[in-house]
Protein chains: 2
Amino acid sequence: MSDLTEQFIMHFGEMGSRWGINRTVGQMYALLFVSPEPLCADEMVERLGISRSNVSMGLKELDSWQLLKRSSVHGDRREFFSTPGDVWEIFRRLAEQRHQREIAPTLSMLRTALLESDATPEDAHLRERMREMHDLIELLTGWFREVQKLDRGTLERLLKLGSGVVKLLELQVRITGGAPPPKQRIEPTLSSGPRTLREVTKHGN
Amino acid sequence: MSDLTEQFIMHFGEMGSRWGINRTVGQMYALLFVSPEPLCADEMVERLGISRSNVSMGLKELDSWQLLKRSSVHGDRREFFSTPGDVWEIFRRLAEQRHQREIAPTLSMLRTALLESDATPEDAHLRERMREMHDLIELLTGWFREVQKLDRGTLERLLKLGSGVVKLLELQVRITGGAPPPKQRIEPTLSSGPRTLREVTKHGN
DNA sequence: TTGTAATTTCAGAAATAACTGAAATTACAG
DNA sequence: CTGTAATTTCAGTTATTTCTGAAATTACAA
């Protein structure tokens with residue numbers, strides 16, 4: 001295994017732990033990602049120096065993230081693994097899974113809580129905060145889901161445009177005379193004013 | 001503490017662990033987030049039932065993420081903590097920190113590796129994969145950084161537009177006659193074709 | 001200053017997560 | 001089918017992270 005490969009794999013081990021992913025799983029995915037051809041479990045055992053059962057667990061984890069491709073070879077009863085050939089596809093799957101695991105449950109909790117009408121007055125502030133959070137998350141993820149439907153070329157063009165897209169927004173204003181009526185209404189964030197009578201000095205950020 | 005508050009805080013404890021953040025730190029931030037006024041450390045100790053030193057550690061962690069506001073009260077030597085009042089500001093800081101910790105190091109590693117010219121031929125495939133990853137990350141984070149400069153109103157309008165922005169892109173094509181020359185060139189992802197002579201059957205995804 | 005309340009640090013304990021080898025299960029070549 | 005190679009599961013071990021209480025440090029009201 002070349003130095004560069006080694007370095008790459010090790011880096012993803014380290015980074016893995018800054019994510020929710022554990023070191024070994026990160027290394028496994030990095031190894032698959034850079035392998036010119038699919039690998040079987042035992043090859044991973046050898047190359048990473050970990051146990052067969054650990055590889056099995058790791059593959060199970062990666063599979064649950066929908067990040068694997070599996071293949072088999074005629075006359076060989078082993079199973080082979082690889083990553084999608086296209087980095088955009090990997091990104092798409094990763095984003096989808098993270099959404100489901102890390103965002104959707106919160107959004108759902110917020111929605112449910114905000115629907116409950118038997119709120120005590122003491123919950124007023126809590127509910128306002130929850131609404132703000134809910135609306136922000138919905139706005140961001142809604143946009144993301146929408147944009148993800150675009151074909152690759154269009155999406156890349158959009159991204160390269162960056163903040164230049166504003167020019168187009170201005171154009172839109174001039175042509176149509178303003179923004180179209182938004183589908184989901186965002187309550188204006190009313191700054192809640194001085195919170196208390198205590199004399200408060202801000203320092204730091 | 002109301003049921004709803006309790007539920008909210010507990011939820012962020014759970015979710016915290018799906019992130020890189022630990023349960024207690026998640027709970028602490030949720031508590032601060034919904035508190036109508038700043039809290040001192042001992043209030044957090046009481047409300048969450050954890051030790052004073054744990055609160056101290058947690059605050060240190062949150063501080064390193066730049067997510068806290070600190071305040072003091074005249075005639076009271078304790079320090080008080082709260083979150084930014086604006087959820088967009090919280091999001092912005094979170095995104096910035098995650099970028100620095102989880103993305104920038106990888107980008108930098110990839111850049112360095114790709115610059116090394118003494119690559120052996122066996123590294124050819126590795127380098128292509130690294131370039132694909134590098135270009136994707138750069139495209140995404142570049143866009144994000146650009147767009148973040150926009151003022152709140154414009155940004156919200158853009159997000160609400162969702163994939164509707166494509167209409168504007170088409171408009172642009174019709175007016176200017178196509179995309180402007182991109183600043184950073186993306187190599188076409190050449191599908192590497194059949195990888196091996198082995199007879200490969202794909203199954204599953 | 002000084003005394004003391006508030007905060008941080010840190011070594012060790014408790015809790016959690018990762019990893020292994022052995023045993024059980026699965027799957028397929030012959 | 002059958003035998004066996006491949007894979008998964010799982011109980012126990014190791015490693016890592018989180019949390020605590022006690023001691024050290026800091027900071028500020030008087």
# chains A, B, ... in the order shown; residues from 1 in each chain; ligands from 1
>>> residues_around(residues="Val45 of chain A", least_positions_apart="6", cutoff="9 Å", atoms="only C-alpha atoms (C1' of nucleotides)", output="JSON, numbers by chain")
{"A": [51, 52, 54, 55]}
>>> closest_atom_pairs(of="chain B", to="chain C", cutoff="10 Å", atoms="only C-alpha atoms (C1' of nucleotides)", output="tab-separated table")
residue	atom	partner	partner_atom	distance
B:Ala41	CA	C:DT7	C1'	9.4
B:Asp42	CA	C:DA6	C1'	9.9
B:Arg52	CA	C:DT7	C1'	9.3
B:Ser53	CA	C:DT8	C1'	7.9
B:Ser56	CA	C:DT8	C1'	7.2
B:Met57	CA	C:DT8	C1'	8.5
B:Lys60	CA	C:DT8	C1'	9.7
B:Arg77	CA	C:DA6	C1'	7.2
B:Arg78	CA	C:DA6	C1'	6.3
B:Glu79	CA	C:DA6	C1'	8.4
>>> interface_residues(of="chain D", to="chain B", cutoff="7 Å", atoms="only C-alpha atoms (C1' of nucleotides)", output="list of chain:residue names")
D:DC19, D:DT20, D:DC28
>>> atom_distance(atom1="atom CA of Gln7 of chain B", atom2="atom CA of Glu89 of chain B")
24.1 Å
>>> closest_residue(among="B:Arg111, B:His74, B:Arg152, B:His99", to="chain A", atoms="only C-alpha atoms")
B:His74
>>> residues_around(residues="segment 82-87 of chain B", least_positions_apart="2", cutoff="9 Å", atoms="only C-alpha atoms (C1' of nucleotides)", output="JSON, numbers by chain")
{"A": [129, 132, 133, 136, 189, 191, 192, 205], "B": [29, 32, 33, 34, 35, 37, 38, 39, 67, 68, 69, 70, 71, 80, 89, 90, 91, 92]}
>>> write_last_selection(atoms="N, CA and C atoms", output="tab-separated table (two decimals), in the first residue's frame")
chain	number	residue	atom	x	y	z
A	129	ARG	N	-39.37	30.14	20.93
A	129	ARG	CA	-38.05	29.64	20.55
A	129	ARG	C	-38.17	28.40	19.68
A	132	GLU	N	-39.15	29.39	16.16
A	132	GLU	CA	-38.02	29.94	15.41
A	132	GLU	C	-37.13	28.83	14.87
A	133	MET	N	-36.83	27.89	15.77
A	133	MET	CA	-35.96	26.79	15.37
A	133	MET	C	-36.62	25.95	14.29
A	136	LEU	N	-36.59	27.72	10.89
A	136	LEU	CA	-35.27	27.75	10.27
A	136	LEU	C	-34.91	26.40	9.67
A	189	THR	N	-39.27	37.45	13.23
A	189	THR	CA	-38.59	37.18	14.49
A	189	THR	C	-38.63	38.43	15.35
A	191	SER	N	-37.62	40.56	18.12
A	191	SER	CA	-36.58	40.59	19.15
A	191	SER	C	-37.26	40.88	20.47
A	192	SER	N	-37.01	40.02	21.45
A	192	SER	CA	-37.86	40.01	22.63
A	192	SER	C	-37.55	41.16	23.59
A	205	ASN	N	-18.47	37.60	23.54
A	205	ASN	CA	-19.48	37.62	22.47
A	205	ASN	C	-20.83	37.23	23.02
B	29	TYR	N	-27.18	23.21	26.38
B	29	TYR	CA	-27.46	24.24	25.38
B	29	TYR	C	-28.96	24.40	25.17
B	32	LEU	N	-30.26	26.55	27.98
B	32	LEU	CA	-29.96	27.97	27.76
B	32	LEU	C	-30.82	28.54	26.65
B	33	PHE	N	-31.00	27.73	25.62
B	33	PHE	CA	-31.74	28.20	24.44
B	33	PHE	C	-33.17	28.61	24.78
B	34	VAL	N	-33.81	27.87	25.66
B	34	VAL	CA	-35.21	28.16	25.97
B	34	VAL	C	-35.40	29.02	27.20
B	35	SER	N	-34.30	29.35	27.87
B	35	SER	CA	-34.45	30.18	29.08
B	35	SER	C	-34.71	31.63	28.71
B	37	GLU	N	-34.23	34.13	30.45
B	37	GLU	CA	-33.12	34.98	30.85
B	37	GLU	C	-31.86	34.15	31.10
B	38	PRO	N	-30.71	34.81	31.09
B	38	PRO	CA	-29.45	34.11	31.27
B	38	PRO	C	-29.43	33.31	32.56
B	39	LEU	N	-28.69	32.22	32.58
B	39	LEU	CA	-28.59	31.37	33.75
B	39	LEU	C	-27.16	31.34	34.28
B	67	LEU	N	-20.63	29.43	20.87
B	67	LEU	CA	-22.09	29.41	20.88
B	67	LEU	C	-22.70	30.11	22.08
B	68	LEU	N	-21.86	30.70	22.93
B	68	LEU	CA	-22.36	31.28	24.18
B	68	LEU	C	-22.31	32.80	24.18
B	69	LYS	N	-23.25	33.37	24.92
B	69	LYS	CA	-23.14	34.76	25.31
B	69	LYS	C	-22.96	34.78	26.82
B	70	ARG	N	-22.04	35.63	27.28
B	70	ARG	CA	-21.82	35.72	28.71
B	70	ARG	C	-22.28	37.09	29.20
B	71	SER	N	-22.81	37.13	30.41
B	71	SER	CA	-23.19	38.42	30.96
B	71	SER	C	-22.97	38.41	32.46
B	80	PHE	N	-23.22	34.84	34.09
B	80	PHE	CA	-24.46	34.31	33.51
B	80	PHE	C	-24.28	33.98	32.03
B	89	GLU	N	-28.12	33.29	13.77
B	89	GLU	CA	-26.78	33.52	14.27
B	89	GLU	C	-26.20	32.23	14.84
B	90	ILE	N	-27.01	31.49	15.57
B	90	ILE	CA	-26.56	30.21	16.09
B	90	ILE	C	-26.17	29.28	14.95
B	91	PHE	N	-27.01	29.22	13.96
B	91	PHE	CA	-26.73	28.37	12.80
B	91	PHE	C	-25.42	28.77	12.12
B	92	ARG	N	-25.27	30.08	11.96
B	92	ARG	CA	-24.07	30.57	11.29
B	92	ARG	C	-22.80	30.13	12.04
>>> select_by_dssp(residues="chain B", states="strand (DSSP E)", output="PyMOL selection string")
chain B and resi 39-40+69-73+76-82+200-203
>>> write_last_selection(atoms="N, CA and C atoms", output="PDB file, in the first residue's frame")
ATOM      1  N   LEU B  39     -28.689  32.219  32.576  1.00  0.00           N
ATOM      2  CA  LEU B  39     -28.586  31.365  33.752  1.00  0.00           C
ATOM      3  C   LEU B  39     -27.162  31.345  34.280  1.00  0.00           C
ATOM      4  N   CYS B  40     -27.027  31.167  35.581  1.00  0.00           N
ATOM      5  CA  CYS B  40     -25.691  30.961  36.129  1.00  0.00           C
ATOM      6  C   CYS B  40     -25.438  29.456  36.212  1.00  0.00           C
ATOM      7  N   LYS B  69     -23.251  33.366  24.923  1.00  0.00           N
ATOM      8  CA  LYS B  69     -23.136  34.764  25.313  1.00  0.00           C
ATOM      9  C   LYS B  69     -22.956  34.779  26.822  1.00  0.00           C
ATOM     10  N   ARG B  70     -22.044  35.629  27.279  1.00  0.00           N
ATOM     11  CA  ARG B  70     -21.821  35.725  28.715  1.00  0.00           C
ATOM     12  C   ARG B  70     -22.281  37.086  29.199  1.00  0.00           C
ATOM     13  N   SER B  71     -22.813  37.129  30.408  1.00  0.00           N
ATOM     14  CA  SER B  71     -23.192  38.421  30.958  1.00  0.00           C
ATOM     15  C   SER B  71     -22.969  38.412  32.459  1.00  0.00           C
ATOM     16  N   SER B  72     -22.863  39.581  33.027  1.00  0.00           N
ATOM     17  CA  SER B  72     -22.705  39.646  34.476  1.00  0.00           C
ATOM     18  C   SER B  72     -23.669  40.680  35.041  1.00  0.00           C
ATOM     19  N   VAL B  73     -23.924  40.520  36.304  1.00  0.00           N
ATOM     20  CA  VAL B  73     -24.894  41.369  36.977  1.00  0.00           C
ATOM     21  C   VAL B  73     -24.164  42.171  38.043  1.00  0.00           C
ATOM     22  N   ASP B  76     -23.209  41.102  41.791  1.00  0.00           N
ATOM     23  CA  ASP B  76     -23.295  39.638  41.863  1.00  0.00           C
ATOM     24  C   ASP B  76     -22.045  39.113  41.179  1.00  0.00           C
ATOM     25  N   ARG B  77     -21.260  38.340  41.870  1.00  0.00           N
ATOM     26  CA  ARG B  77     -19.993  37.964  41.250  1.00  0.00           C
ATOM     27  C   ARG B  77     -20.104  36.723  40.355  1.00  0.00           C
ATOM     28  N   ARG B  78     -21.295  36.163  40.272  1.00  0.00           N
ATOM     29  CA  ARG B  78     -21.460  35.019  39.368  1.00  0.00           C
ATOM     30  C   ARG B  78     -21.514  35.471  37.912  1.00  0.00           C
ATOM     31  N   GLU B  79     -21.258  34.511  37.038  1.00  0.00           N
ATOM     32  CA  GLU B  79     -21.319  34.803  35.616  1.00  0.00           C
ATOM     33  C   GLU B  79     -22.600  34.163  35.058  1.00  0.00           C
ATOM     34  N   PHE B  80     -23.222  34.842  34.092  1.00  0.00           N
ATOM     35  CA  PHE B  80     -24.464  34.312  33.510  1.00  0.00           C
ATOM     36  C   PHE B  80     -24.280  33.979  32.035  1.00  0.00           C
ATOM     37  N   PHE B  81     -25.003  32.943  31.612  1.00  0.00           N
ATOM     38  CA  PHE B  81     -24.831  32.460  30.243  1.00  0.00           C
ATOM     39  C   PHE B  81     -26.149  32.411  29.491  1.00  0.00           C
ATOM     40  N   SER B  82     -26.059  32.690  28.206  1.00  0.00           N
ATOM     41  CA  SER B  82     -27.232  32.540  27.346  1.00  0.00           C
ATOM     42  C   SER B  82     -26.778  32.227  25.932  1.00  0.00           C
ATOM     43  N   VAL B 200     -18.421  -9.618 -13.176  1.00  0.00           N
ATOM     44  CA  VAL B 200     -19.013  -8.988 -11.996  1.00  0.00           C
ATOM     45  C   VAL B 200     -20.527  -8.853 -12.133  1.00  0.00           C
ATOM     46  N   THR B 201     -21.237  -9.333 -11.149  1.00  0.00           N
ATOM     47  CA  THR B 201     -22.684  -9.178 -11.120  1.00  0.00           C
ATOM     48  C   THR B 201     -23.030  -8.197 -10.001  1.00  0.00           C
ATOM     49  N   LYS B 202     -23.697  -7.129 -10.336  1.00  0.00           N
ATOM     50  CA  LYS B 202     -24.136  -6.207  -9.288  1.00  0.00           C
ATOM     51  C   LYS B 202     -25.441  -6.727  -8.709  1.00  0.00           C
ATOM     52  N   HIS B 203     -25.555  -6.687  -7.409  1.00  0.00           N
ATOM     53  CA  HIS B 203     -26.882  -6.861  -6.798  1.00  0.00           C
ATOM     54  C   HIS B 203     -26.993  -5.971  -5.579  1.00  0.00           C
TER      55      HIS B 203
END
>>> atom_distance(atom1="atom CA of Met10 of chain B", atom2="atom CA of Gly20 of chain A")
19.3 Å
>>> closest_residue(among="B:Leu171, B:Ala95, B:Val147, B:Leu107", to="chain A", atoms="only C-alpha atoms")
B:Val147
>>> residues_around(residues="segment 140-143 of chain B", least_positions_apart="3", cutoff="12 Å", atoms="only C-alpha atoms (C1' of nucleotides)", output="PyMOL selection string")
(chain A and resi 88+91+155-165) or (chain B and resi 95-96+98-100+102-104+107+133-137+146-150+183-184)
>>> select_by_dssp(residues="segment 2-203 of chain A", states="helix (DSSP H, G or I)", output="PDB file with C-alpha atoms, in the first residue's frame")
ATOM      1  CA  ASP A   3       2.360   6.036   1.439  1.00  0.00           C
ATOM      2  CA  LEU A   4      -0.220   8.341  -0.036  1.00  0.00           C
ATOM      3  CA  THR A   5      -2.942   5.720   0.287  1.00  0.00           C
ATOM      4  CA  GLU A   6      -1.917   5.054   3.848  1.00  0.00           C
ATOM      5  CA  GLN A   7      -2.031   8.748   4.626  1.00  0.00           C
ATOM      6  CA  PHE A   8      -5.444   9.142   3.060  1.00  0.00           C
ATOM      7  CA  ILE A   9      -6.902   6.224   4.991  1.00  0.00           C
ATOM      8  CA  MET A  10      -5.405   7.370   8.266  1.00  0.00           C
ATOM      9  CA  HIS A  11      -6.790  10.847   7.747  1.00  0.00           C
ATOM     10  CA  PHE A  12     -10.290   9.478   7.382  1.00  0.00           C
ATOM     11  CA  GLY A  13      -9.838   7.458  10.510  1.00  0.00           C
ATOM     12  CA  GLU A  14      -9.017  10.621  12.432  1.00  0.00           C
ATOM     13  CA  MET A  15     -11.774  12.656  10.838  1.00  0.00           C
ATOM     14  CA  GLY A  16     -14.245   9.874  11.349  1.00  0.00           C
ATOM     15  CA  SER A  17     -14.122  10.457  15.064  1.00  0.00           C
ATOM     16  CA  ARG A  18     -14.844  14.170  14.637  1.00  0.00           C
ATOM     17  CA  ARG A  23     -12.180   5.391  13.416  1.00  0.00           C
ATOM     18  CA  THR A  24     -12.287   1.931  11.922  1.00  0.00           C
ATOM     19  CA  VAL A  25     -15.423   2.526   9.902  1.00  0.00           C
ATOM     20  CA  GLY A  26     -13.903   5.706   8.529  1.00  0.00           C
ATOM     21  CA  GLN A  27     -10.770   3.838   7.495  1.00  0.00           C
ATOM     22  CA  MET A  28     -12.790   1.091   5.897  1.00  0.00           C
ATOM     23  CA  TYR A  29     -14.723   3.526   3.781  1.00  0.00           C
ATOM     24  CA  ALA A  30     -11.608   5.418   2.768  1.00  0.00           C
ATOM     25  CA  LEU A  31     -10.005   2.150   1.711  1.00  0.00           C
ATOM     26  CA  LEU A  32     -12.985   1.173  -0.398  1.00  0.00           C
ATOM     27  CA  PHE A  33     -13.202   4.663  -1.827  1.00  0.00           C
ATOM     28  CA  VAL A  34      -9.690   4.621  -3.243  1.00  0.00           C
ATOM     29  CA  ALA A  41     -13.805  -8.562   3.725  1.00  0.00           C
ATOM     30  CA  ASP A  42     -10.527 -10.420   4.233  1.00  0.00           C
ATOM     31  CA  GLU A  43      -8.629  -7.918   2.141  1.00  0.00           C
ATOM     32  CA  MET A  44      -9.857  -5.215   4.491  1.00  0.00           C
ATOM     33  CA  VAL A  45      -8.810  -7.281   7.487  1.00  0.00           C
ATOM     34  CA  GLU A  46      -5.279  -7.523   6.103  1.00  0.00           C
ATOM     35  CA  ARG A  47      -4.912  -3.964   4.931  1.00  0.00           C
ATOM     36  CA  LEU A  48      -6.271  -2.353   8.077  1.00  0.00           C
ATOM     37  CA  ARG A  52     -12.765 -10.139  10.721  1.00  0.00           C
ATOM     38  CA  SER A  53     -15.713  -9.531  13.005  1.00  0.00           C
ATOM     39  CA  ASN A  54     -14.875  -5.862  13.236  1.00  0.00           C
ATOM     40  CA  VAL A  55     -14.961  -5.631   9.462  1.00  0.00           C
ATOM     41  CA  SER A  56     -18.304  -7.358   9.456  1.00  0.00           C
ATOM     42  CA  MET A  57     -19.688  -4.835  11.957  1.00  0.00           C
ATOM     43  CA  GLY A  58     -18.254  -1.947  10.021  1.00  0.00           C
ATOM     44  CA  LEU A  59     -19.768  -3.134   6.766  1.00  0.00           C
ATOM     45  CA  LYS A  60     -23.111  -3.479   8.480  1.00  0.00           C
ATOM     46  CA  GLU A  61     -22.830   0.101   9.677  1.00  0.00           C
ATOM     47  CA  LEU A  62     -21.838   1.439   6.257  1.00  0.00           C
ATOM     48  CA  ASP A  63     -24.642  -0.530   4.708  1.00  0.00           C
ATOM     49  CA  SER A  64     -27.166   1.038   7.061  1.00  0.00           C
ATOM     50  CA  VAL A  87     -18.749  11.344  -5.383  1.00  0.00           C
ATOM     51  CA  TRP A  88     -21.987  13.259  -5.880  1.00  0.00           C
ATOM     52  CA  GLU A  89     -23.917  10.076  -5.317  1.00  0.00           C
ATOM     53  CA  ILE A  90     -22.003   9.441  -2.096  1.00  0.00           C
ATOM     54  CA  PHE A  91     -22.729  12.961  -0.960  1.00  0.00           C
ATOM     55  CA  ARG A  92     -26.401  12.614  -1.806  1.00  0.00           C
ATOM     56  CA  ARG A  93     -26.784   9.427   0.209  1.00  0.00           C
ATOM     57  CA  LEU A  94     -24.848  10.819   3.131  1.00  0.00           C
ATOM     58  CA  ALA A  95     -27.004  13.923   3.206  1.00  0.00           C
ATOM     59  CA  GLU A  96     -30.187  11.899   3.008  1.00  0.00           C
ATOM     60  CA  GLN A  97     -29.163   9.670   5.901  1.00  0.00           C
ATOM     61  CA  ARG A  98     -28.004  12.519   8.063  1.00  0.00           C
ATOM     62  CA  HIS A  99     -31.269  14.256   7.428  1.00  0.00           C
ATOM     63  CA  GLN A 100     -33.256  11.228   8.497  1.00  0.00           C
ATOM     64  CA  ARG A 101     -31.192  10.562  11.584  1.00  0.00           C
ATOM     65  CA  GLU A 102     -30.198  13.985  12.807  1.00  0.00           C
ATOM     66  CA  ILE A 103     -32.811  16.426  11.594  1.00  0.00           C
ATOM     67  CA  ALA A 104     -36.123  14.721  10.896  1.00  0.00           C
ATOM     68  CA  PRO A 105     -36.633  13.533  14.499  1.00  0.00           C
ATOM     69  CA  THR A 106     -36.094  17.043  15.824  1.00  0.00           C
ATOM     70  CA  LEU A 107     -38.385  18.591  13.264  1.00  0.00           C
ATOM     71  CA  SER A 108     -41.055  16.081  14.148  1.00  0.00           C
ATOM     72  CA  MET A 109     -40.667  16.706  17.872  1.00  0.00           C
ATOM     73  CA  LEU A 110     -40.949  20.452  17.328  1.00  0.00           C
ATOM     74  CA  ARG A 111     -44.022  20.106  15.152  1.00  0.00           C
ATOM     75  CA  THR A 112     -45.786  17.921  17.680  1.00  0.00           C
ATOM     76  CA  ALA A 113     -44.922  20.199  20.564  1.00  0.00           C
ATOM     77  CA  LEU A 114     -46.084  23.283  18.695  1.00  0.00           C
ATOM     78  CA  LEU A 115     -49.412  21.678  17.880  1.00  0.00           C
ATOM     79  CA  PRO A 121     -48.506  30.808  29.842  1.00  0.00           C
ATOM     80  CA  GLU A 122     -45.072  29.999  31.237  1.00  0.00           C
ATOM     81  CA  ASP A 123     -44.423  28.051  28.040  1.00  0.00           C
ATOM     82  CA  ALA A 124     -44.942  31.101  25.843  1.00  0.00           C
ATOM     83  CA  HIS A 125     -41.275  31.888  25.479  1.00  0.00           C
ATOM     84  CA  LEU A 126     -40.344  28.252  25.002  1.00  0.00           C
ATOM     85  CA  ARG A 127     -42.878  27.971  22.219  1.00  0.00           C
ATOM     86  CA  GLU A 128     -41.577  31.028  20.464  1.00  0.00           C
ATOM     87  CA  ARG A 129     -38.053  29.637  20.551  1.00  0.00           C
ATOM     88  CA  MET A 130     -39.267  26.300  19.260  1.00  0.00           C
ATOM     89  CA  ARG A 131     -41.106  27.979  16.431  1.00  0.00           C
ATOM     90  CA  GLU A 132     -38.020  29.945  15.408  1.00  0.00           C
ATOM     91  CA  MET A 133     -35.963  26.789  15.372  1.00  0.00           C
ATOM     92  CA  HIS A 134     -38.643  24.860  13.535  1.00  0.00           C
ATOM     93  CA  ASP A 135     -38.993  27.492  10.832  1.00  0.00           C
ATOM     94  CA  LEU A 136     -35.269  27.752  10.274  1.00  0.00           C
ATOM     95  CA  ILE A 137     -34.779  24.011   9.973  1.00  0.00           C
ATOM     96  CA  GLU A 138     -37.746  23.709   7.670  1.00  0.00           C
ATOM     97  CA  LEU A 139     -36.502  26.509   5.462  1.00  0.00           C
ATOM     98  CA  LEU A 140     -33.025  25.014   5.154  1.00  0.00           C
ATOM     99  CA  THR A 141     -33.991  21.406   4.631  1.00  0.00           C
ATOM    100  CA  GLY A 142     -36.848  22.339   2.323  1.00  0.00           C
ATOM    101  CA  TRP A 143     -34.449  24.226   0.126  1.00  0.00           C
ATOM    102  CA  PHE A 144     -32.007  21.371   0.165  1.00  0.00           C
ATOM    103  CA  ARG A 145     -34.599  18.804  -0.815  1.00  0.00           C
ATOM    104  CA  GLU A 146     -35.835  21.007  -3.647  1.00  0.00           C
ATOM    105  CA  VAL A 147     -32.433  21.703  -5.064  1.00  0.00           C
ATOM    106  CA  GLN A 148     -31.410  18.085  -4.877  1.00  0.00           C
ATOM    107  CA  ARG A 152     -26.161  17.530 -11.988  1.00  0.00           C
ATOM    108  CA  GLY A 153     -25.271  20.126 -14.591  1.00  0.00           C
ATOM    109  CA  THR A 154     -27.821  22.659 -13.427  1.00  0.00           C
ATOM    110  CA  LEU A 155     -26.840  22.128  -9.813  1.00  0.00           C
ATOM    111  CA  GLU A 156     -23.161  22.664 -10.537  1.00  0.00           C
ATOM    112  CA  ARG A 157     -23.959  25.798 -12.461  1.00  0.00           C
ATOM    113  CA  LEU A 158     -26.036  27.080  -9.564  1.00  0.00           C
ATOM    114  CA  LEU A 159     -23.313  26.348  -7.038  1.00  0.00           C
ATOM    115  CA  LYS A 160     -20.592  27.966  -9.103  1.00  0.00           C
ATOM    116  CA  LEU A 161     -22.737  31.026  -9.335  1.00  0.00           C
ATOM    117  CA  GLY A 162     -22.482  31.429  -5.557  1.00  0.00           C
ATOM    118  CA  SER A 163     -23.775  34.721  -4.296  1.00  0.00           C
ATOM    119  CA  GLY A 164     -23.891  35.834  -7.911  1.00  0.00           C
ATOM    120  CA  VAL A 165     -27.366  34.382  -7.921  1.00  0.00           C
ATOM    121  CA  VAL A 166     -28.472  37.596  -6.261  1.00  0.00           C
ATOM    122  CA  LYS A 167     -28.028  39.398  -9.546  1.00  0.00           C
ATOM    123  CA  LEU A 168     -30.730  37.098 -10.884  1.00  0.00           C
ATOM    124  CA  LEU A 169     -32.957  37.770  -7.921  1.00  0.00           C
ATOM    125  CA  GLU A 170     -32.705  41.473  -8.605  1.00  0.00           C
ATOM    126  CA  LEU A 171     -33.530  40.763 -12.199  1.00  0.00           C
ATOM    127  CA  GLN A 172     -36.598  38.899 -11.020  1.00  0.00           C
ATOM    128  CA  VAL A 173     -37.716  41.824  -8.927  1.00  0.00           C
ATOM    129  CA  ARG A 174     -37.400  44.147 -11.870  1.00  0.00           C
ATOM    130  CA  ILE A 175     -39.343  41.824 -14.140  1.00  0.00           C
ATOM    131  CA  THR A 176     -42.099  40.428 -11.981  1.00  0.00           C
TER     132      THR A 176
END
>>> closest_residue(among="A:Asp151, A:Trp65, A:Ser2, A:Ser117", to="chain B", atoms="only C-alpha atoms")
A:Ser2
>>> decode(residues="segment 9-32 of chain A", atoms="C-alpha atoms", output="tab-separated table (two decimals), in the first residue's frame")
chain	number	residue	atom	x	y	z
A	9	ILE	CA	-6.90	6.22	4.99
A	10	MET	CA	-5.41	7.37	8.27
A	11	HIS	CA	-6.79	10.85	7.75
A	12	PHE	CA	-10.29	9.48	7.38
A	13	GLY	CA	-9.84	7.46	10.51
A	14	GLU	CA	-9.02	10.62	12.43
A	15	MET	CA	-11.77	12.66	10.84
A	16	GLY	CA	-14.24	9.87	11.35
A	17	SER	CA	-14.12	10.46	15.06
A	18	ARG	CA	-14.84	14.17	14.64
A	19	TRP	CA	-17.96	12.98	12.91
A	20	GLY	CA	-20.23	10.49	14.61
A	21	ILE	CA	-18.39	7.68	12.79
A	22	ASN	CA	-15.76	5.58	14.54
A	23	ARG	CA	-12.18	5.39	13.42
A	24	THR	CA	-12.29	1.93	11.92
A	25	VAL	CA	-15.42	2.53	9.90
A	26	GLY	CA	-13.90	5.71	8.53
A	27	GLN	CA	-10.77	3.84	7.50
A	28	MET	CA	-12.79	1.09	5.90
A	29	TYR	CA	-14.72	3.53	3.78
A	30	ALA	CA	-11.61	5.42	2.77
A	31	LEU	CA	-10.01	2.15	1.71
A	32	LEU	CA	-12.98	1.17	-0.40
